[in-house]
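Down below is the structure, laid out as structure tokens.
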Amino acid sequence: MAPLREELAGIAPYGAPQLDVPVQLNVNENPYGPSEACVADIAASVAEAARTLNRYPDREFVALRAALAAYLSRDVAAGQAPVEPEQVWAANGSNEVMLQLLQAFGGPGRTALSFAPTYSMYPEYARDSNTAWVAGRRRDDFALDLDAARDLIAEHRPSVVLLPSPNNPTGTALPPAAVDALCAAAAEHGNDGRGGLVVVDEAYGEFRRSGTPSAVELLPTHRNLVVSRTMSKAFAGAGLRLGYLAADPAVTDAIRVVRLPYHLSATTQATALAALRHTDELLGQVDALRVERDRLVDWLRAQGHDVAESDANFVLFGRFADRHVVWRGLLDHGVLIRETGPDGWLRVSVGTPAEMAAFRDALTTVTSSLTSSVSQEIQ
């Protein structure tokens with residue numbers, strides 16, 4: 001037997017259930033694929049890249065960083081300078097972006113901190129980079145208690161604070177005042193007083209409701225702020241595996257030290273650039289998903305469920321005495337959602353109108369059946 005690290009022994013790899021069912025609403029994918037025009041552009045771009053596959057790709061992916069900077073600049077505040085290419089970094093999904101951040105700024109003797117419930121991969125990034133992990137708690141409404149959060153940062157002095165906004169699995173967005181406060185706290189107390197990073201993970205940022213700003217607006221204010229994004233959700237590119245961040249150039253320079261050589265393939269760069277040329281078309285589907293999400297929230301509440309406020313393309317709802325029974329019942333009706341988050345809650349991704357109708361029908365049937373069973377037991 002190979003000498004596996006002791007802390008990895010017996011651990012199952014991360015992953016949501018992959019089941020072949022008619023309605024799959026468990027991993028927050030965009031249900032709308034790219035248009036034929038976008039597909040044709042991607043195909044032509046990849047074909048052109050294939051002509052040079054005997055050569056290594058541009059390891060600094062200069063063209064892609066410029067295109068991503070231009071896209072992120074759409075979210076800067078009026079009068080604010082645009083995001084520059086040297087502020088941008090990309091990798092194979094936001095997962096690799098996060099791991100690279102912890103490889104560069106975490107490590108033995110350092111701490112990463114977040115607030116539960118939160119993305120279940122964060123403690124795994126910490127584990128894999130030999131970084132200590134600390135998780136505070138959110139309030140009952142899943143917002144942050146800023147006083148408690150500042151106290152936790154002062155106590156543990158983390159090198160990296162991970163803040164998803166909207167939060168996964170709850171969908172809760174962070175107000176700018178919260179990002180301001182935690183950046184200031186991390187700058188003062190983080191990394192034993194030498195200053196820590198605050199990473200605002202906006203994987204679902206494009207789905208935020210009108211009036212909810214992006215943390216990109218705060219980049220000029222806080223040199224220790226990192227804002228990460230992905231093309232998996234809004235850009236319907238889950239199969240592309242392209243995540244990216246914007247930060248002070250000192251952060252991107254540090255990541256370049258730990259990244260693997262030529263980590264972004266020529267075909268990945270070509271595909272991402274082609275998708276960015278169709279930004280407006282792809283983001284047009286985001287508007288439809290926002291509307292569908294808000295309809296879903298209203299319907300779930302009308303059925304008597306507790307529902308977390310959501311700025312994402314998913315909804316957390318409950319509360320169930322036995323959520324697994326509900327999850328299993330939905331699966332038996334051909335609808336797969338996610339059994340995640342606090343006990344008693346379930347998470348459903350927002351799909352097409354037809355998929356959401358199937359979910360509503362299945363949930364109504366399952367909950368009615370459970371209510372009938374309880375009534376019979378009481379009698």
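Naming works like this for the structure tokens: A, B, ... for the chains as they're shown, residue 1 at the start of each chain, ligands 1 onward in shown order.
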Name all residues at most 10 Å from Thr230 (chain A) (count only C-alpha atoms; drop same-chain ones fewer than 3 positions away) and give them as a JSON list (two decimals) with C-alpha atoms, in the first residue's frame.
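around.json, freshly written:
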[["chain", "number", "residue", "atom", "x", "y", "z"],
["A", 90, "ALA", "CA", -7.41, 32.24, -14.83],
["A", 91, "ALA", "CA", -7.19, 28.50, -14.29],
["A", 92, "ASN", "CA", -9.08, 25.26, -14.88],
["A", 93, "GLY", "CA", -12.27, 26.21, -13.07],
["A", 94, "SER", "CA", -12.60, 28.44, -10.03],
["A", 95, "ASN", "CA", -11.64, 25.32, -8.03],
["A", 97, "VAL", "CA", -8.07, 29.29, -8.84],
["A", 201, "ASP", "CA", -16.13, 34.08, -4.60],
["A", 202, "GLU", "CA", -18.67, 35.34, -7.16],
["A", 203, "ALA", "CA", -19.18, 32.05, -9.00],
["A", 204, "TYR", "CA", -22.88, 32.96, -9.20],
["A", 205, "GLY", "CA", -22.34, 36.72, -9.32],
["A", 206, "GLU", "CA", -24.10, 37.31, -12.63],
["A", 233, "LYS", "CA", -22.65, 29.11, -14.67],
["A", 234, "ALA", "CA", -23.65, 32.33, -16.42],
["A", 235, "PHE", "CA", -21.66, 31.47, -19.55],
["A", 236, "ALA", "CA", -23.11, 27.94, -19.75],
["A", 237, "GLY", "CA", -19.56, 26.62, -19.71],
["A", 238, "ALA", "CA", -19.54, 23.94, -17.02],
["A", 240, "LEU", "CA", -15.21, 24.31, -20.33],
["A", 241, "ARG", "CA", -13.59, 24.47, -16.85],
["A", 242, "LEU", "CA", -12.50, 28.10, -16.83],
["A", 243, "GLY", "CA", -12.37, 30.11, -13.62],
["A", 244, "TYR", "CA", -10.68, 33.47, -13.07],
["A", 245, "LEU", "CA", -10.04, 36.23, -10.57]]
How close does each residue of region 134-176 of chain A get to region 327-348 of chain A, giving the shortest atom pair and distance in Å to one decimal for every residue with an atom at most 10 Å away, counting only C-alpha atoms, sorted by chain and residue number, as CSV?
residue,atom,partner,partner_atom,distance
A:Asn168,CA,A:Gly341,CA,8.5
A:Pro169,CA,A:Gly341,CA,5.9
A:Thr170,CA,A:Gly341,CA,7.4
A:Gly171,CA,A:Arg347,CA,9.7
Please produce a file of those selected residues containing all heavy atoms, as a compact mmCIF listing (two decimals), in the first residue's frame.
# COMPACT_ATOMS: atom_id res chain seq x y z
N ASN A 168 -22.89 29.70 -1.46
CA ASN A 168 -23.34 28.35 -1.80
C ASN A 168 -23.22 27.51 -0.52
O ASN A 168 -22.12 27.44 0.04
CB ASN A 168 -22.45 27.78 -2.90
CG ASN A 168 -22.88 26.40 -3.35
OD1 ASN A 168 -23.91 25.88 -2.95
ND2 ASN A 168 -22.07 25.81 -4.21
N PRO A 169 -24.31 26.95 0.01
CA PRO A 169 -25.55 26.59 -0.69
C PRO A 169 -26.75 27.49 -0.43
O PRO A 169 -27.87 27.14 -0.82
CB PRO A 169 -25.84 25.21 -0.10
CG PRO A 169 -25.42 25.35 1.34
CD PRO A 169 -24.21 26.24 1.32
N THR A 170 -26.59 28.65 0.22
CA THR A 170 -27.77 29.40 0.66
C THR A 170 -28.25 30.42 -0.35
O THR A 170 -29.41 30.84 -0.30
CB THR A 170 -27.47 30.11 1.99
OG1 THR A 170 -26.49 31.13 1.79
CG2 THR A 170 -26.99 29.11 3.04
N GLY A 171 -27.37 30.91 -1.25
CA GLY A 171 -27.75 31.94 -2.21
C GLY A 171 -27.64 33.36 -1.68
O GLY A 171 -28.01 34.31 -2.37
> When DSSP works through the backbone of this structure, what residues of region 135-259 of chain A end up as strand (DSSP E or B), shown as a ChimeraX atom specification?
Replying inline: /A:135-137,160-164,197-201,225-230,243-246
>> Taking only C-alpha atoms into account, name the residue in A:Ser120, A:Thr364, A:Ser349, A:Thr371 that is nearest to Leu25 (chain A).
In response: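 Of A:Ser120, A:Thr364, A:Ser349, A:Thr371, the one nearest Leu25 (chain A), counting only C-alpha atoms, is A:Ser349.
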Give me the residues within 8 Å of Leu64 (chain A) as an mmCIF file with all heavy atoms, in the first residue's frame, counting only C-alpha atoms and dropping any in the same chain fewer than 2 places off.
data_model
loop_
_atom_site.group_PDB
_atom_site.id
_atom_site.type_symbol
_atom_site.label_atom_id
_atom_site.label_comp_id
_atom_site.auth_asym_id
_atom_site.auth_seq_id
_atom_site.Cartn_x
_atom_site.Cartn_y
_atom_site.Cartn_z
ATOM 1 N N PHE A 61 -1.362 33.433 -21.194
ATOM 2 C CA PHE A 61 -2.691 33.616 -21.813
ATOM 3 C C PHE A 61 -3.090 35.096 -21.883
ATOM 4 O O PHE A 61 -4.130 35.525 -21.389
ATOM 5 C CB PHE A 61 -3.759 32.772 -21.106
ATOM 6 C CG PHE A 61 -3.749 32.806 -19.590
ATOM 7 C CD1 PHE A 61 -4.591 33.638 -18.891
ATOM 8 C CD2 PHE A 61 -2.907 31.965 -18.871
ATOM 9 C CE1 PHE A 61 -4.604 33.664 -17.512
ATOM 10 C CE2 PHE A 61 -2.911 31.981 -17.485
ATOM 11 C CZ PHE A 61 -3.760 32.843 -16.805
ATOM 12 N N VAL A 62 -2.248 35.859 -22.575
ATOM 13 C CA VAL A 62 -2.372 37.314 -22.622
ATOM 14 C C VAL A 62 -3.705 37.745 -23.229
ATOM 15 O O VAL A 62 -4.401 38.629 -22.693
ATOM 16 C CB VAL A 62 -1.190 37.913 -23.417
ATOM 17 C CG1 VAL A 62 -1.390 39.418 -23.601
ATOM 18 C CG2 VAL A 62 0.128 37.632 -22.700
ATOM 19 N N ALA A 66 -6.824 39.746 -21.224
ATOM 20 C CA ALA A 66 -7.349 41.031 -21.702
ATOM 21 C C ALA A 66 -8.859 40.970 -21.905
ATOM 22 O O ALA A 66 -9.593 41.902 -21.543
ATOM 23 C CB ALA A 66 -6.651 41.428 -22.999
ATOM 24 N N ALA A 67 -9.338 39.863 -22.466
ATOM 25 C CA ALA A 67 -10.782 39.719 -22.703
ATOM 26 C C ALA A 67 -11.548 39.614 -21.387
ATOM 27 O O ALA A 67 -12.636 40.184 -21.235
ATOM 28 C CB ALA A 67 -11.045 38.492 -23.578
ATOM 29 N N LEU A 68 -11.000 38.883 -20.425
ATOM 30 C CA LEU A 68 -11.656 38.759 -19.116
ATOM 31 C C LEU A 68 -11.647 40.095 -18.376
ATOM 32 O O LEU A 68 -12.621 40.454 -17.698
ATOM 33 C CB LEU A 68 -10.966 37.688 -18.280
ATOM 34 C CG LEU A 68 -11.175 36.245 -18.738
ATOM 35 C CD1 LEU A 68 -10.228 35.305 -18.009
ATOM 36 C CD2 LEU A 68 -12.622 35.805 -18.535
ATOM 37 N N GLN A 269 -8.102 27.994 -23.914
ATOM 38 C CA GLN A 269 -8.012 29.427 -24.171
ATOM 39 C C GLN A 269 -8.856 29.815 -25.383
ATOM 40 O O GLN A 269 -9.577 30.831 -25.355
ATOM 41 C CB GLN A 269 -6.559 29.823 -24.379
ATOM 42 C CG GLN A 269 -5.697 29.675 -23.141
ATOM 43 C CD GLN A 269 -4.255 30.092 -23.375
ATOM 44 O OE1 GLN A 269 -3.990 31.118 -23.999
ATOM 45 N NE2 GLN A 269 -3.309 29.303 -22.864
ATOM 46 N N ALA A 272 -12.661 29.650 -24.454
ATOM 47 C CA ALA A 272 -13.067 30.744 -23.578
ATOM 48 C C ALA A 272 -13.150 32.064 -24.335
ATOM 49 O O ALA A 272 -14.095 32.845 -24.156
ATOM 50 C CB ALA A 272 -12.093 30.859 -22.406
ATOM 51 N N LEU A 273 -12.178 32.322 -25.181
ATOM 52 C CA LEU A 273 -12.200 33.560 -25.966
ATOM 53 C C LEU A 273 -13.407 33.603 -26.893
ATOM 54 O O LEU A 273 -14.050 34.653 -27.052
ATOM 55 C CB LEU A 273 -10.905 33.692 -26.767
ATOM 56 C CG LEU A 273 -9.691 34.183 -25.973
ATOM 57 C CD1 LEU A 273 -8.398 33.935 -26.754
ATOM 58 C CD2 LEU A 273 -9.844 35.664 -25.654
#
>> as a ChimeraX atom specification, please: every residue in region 135-207 of chain A that a backbone DSSP assignment puts in alpha helix (DSSP H).
In response: /A:146-156,176-193
Saved selection, atoms kept: C-alpha atoms, as a PDB file, in the first residue's frame:
ATOM      1  CA  LEU A 146     -20.136  41.333  11.220  1.00  0.00           C
ATOM      2  CA  ASP A 147     -19.143  41.840  14.844  1.00  0.00           C
ATOM      3  CA  ALA A 148     -18.705  38.096  15.343  1.00  0.00           C
ATOM      4  CA  ALA A 149     -16.885  37.825  12.011  1.00  0.00           C
ATOM      5  CA  ARG A 150     -14.412  40.555  12.929  1.00  0.00           C
ATOM      6  CA  ASP A 151     -13.829  38.937  16.300  1.00  0.00           C
ATOM      7  CA  LEU A 152     -13.138  35.576  14.661  1.00  0.00           C
ATOM      8  CA  ILE A 153     -10.616  37.151  12.287  1.00  0.00           C
ATOM      9  CA  ALA A 154      -8.905  38.899  15.199  1.00  0.00           C
ATOM     10  CA  GLU A 155      -8.768  35.614  17.121  1.00  0.00           C
ATOM     11  CA  HIS A 156      -7.466  33.307  14.375  1.00  0.00           C
ATOM     12  CA  PRO A 176     -20.518  46.018   0.118  1.00  0.00           C
ATOM     13  CA  ALA A 177     -20.336  47.181   3.747  1.00  0.00           C
ATOM     14  CA  ALA A 178     -19.624  43.612   4.845  1.00  0.00           C
ATOM     15  CA  VAL A 179     -16.818  43.215   2.310  1.00  0.00           C
ATOM     16  CA  ASP A 180     -15.364  46.573   3.420  1.00  0.00           C
ATOM     17  CA  ALA A 181     -15.442  45.565   7.072  1.00  0.00           C
ATOM     18  CA  LEU A 182     -13.862  42.152   6.561  1.00  0.00           C
ATOM     19  CA  CYS A 183     -11.152  43.470   4.244  1.00  0.00           C
ATOM     20  CA  ALA A 184     -10.238  46.003   6.934  1.00  0.00           C
ATOM     21  CA  ALA A 185     -10.252  43.317   9.640  1.00  0.00           C
ATOM     22  CA  ALA A 186      -8.094  40.950   7.562  1.00  0.00           C
ATOM     23  CA  ALA A 187      -5.658  43.753   6.710  1.00  0.00           C
ATOM     24  CA  GLU A 188      -5.256  44.548  10.404  1.00  0.00           C
ATOM     25  CA  HIS A 189      -5.250  41.099  11.969  1.00  0.00           C
ATOM     26  CA  GLY A 190      -4.706  38.540   9.202  1.00  0.00           C
ATOM     27  CA  ASN A 191      -1.557  36.456   8.950  1.00  0.00           C
ATOM     28  CA  ASP A 192      -0.393  37.431  12.459  1.00  0.00           C
ATOM     29  CA  GLY A 193      -0.932  41.106  11.795  1.00  0.00           C
TER      30      GLY A 193
END
> Between A:Phe105, A:Ala135, A:Ala266, A:Arg157, which one has atoms that come closest to Leu53 (chain A), using only C-alpha atoms?
Replying inline: A:Ala266
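CA of Ala143 (chain A) to CA of Phe359 (chain A) spans 27.3 Å [interatomic distance, one decimal].
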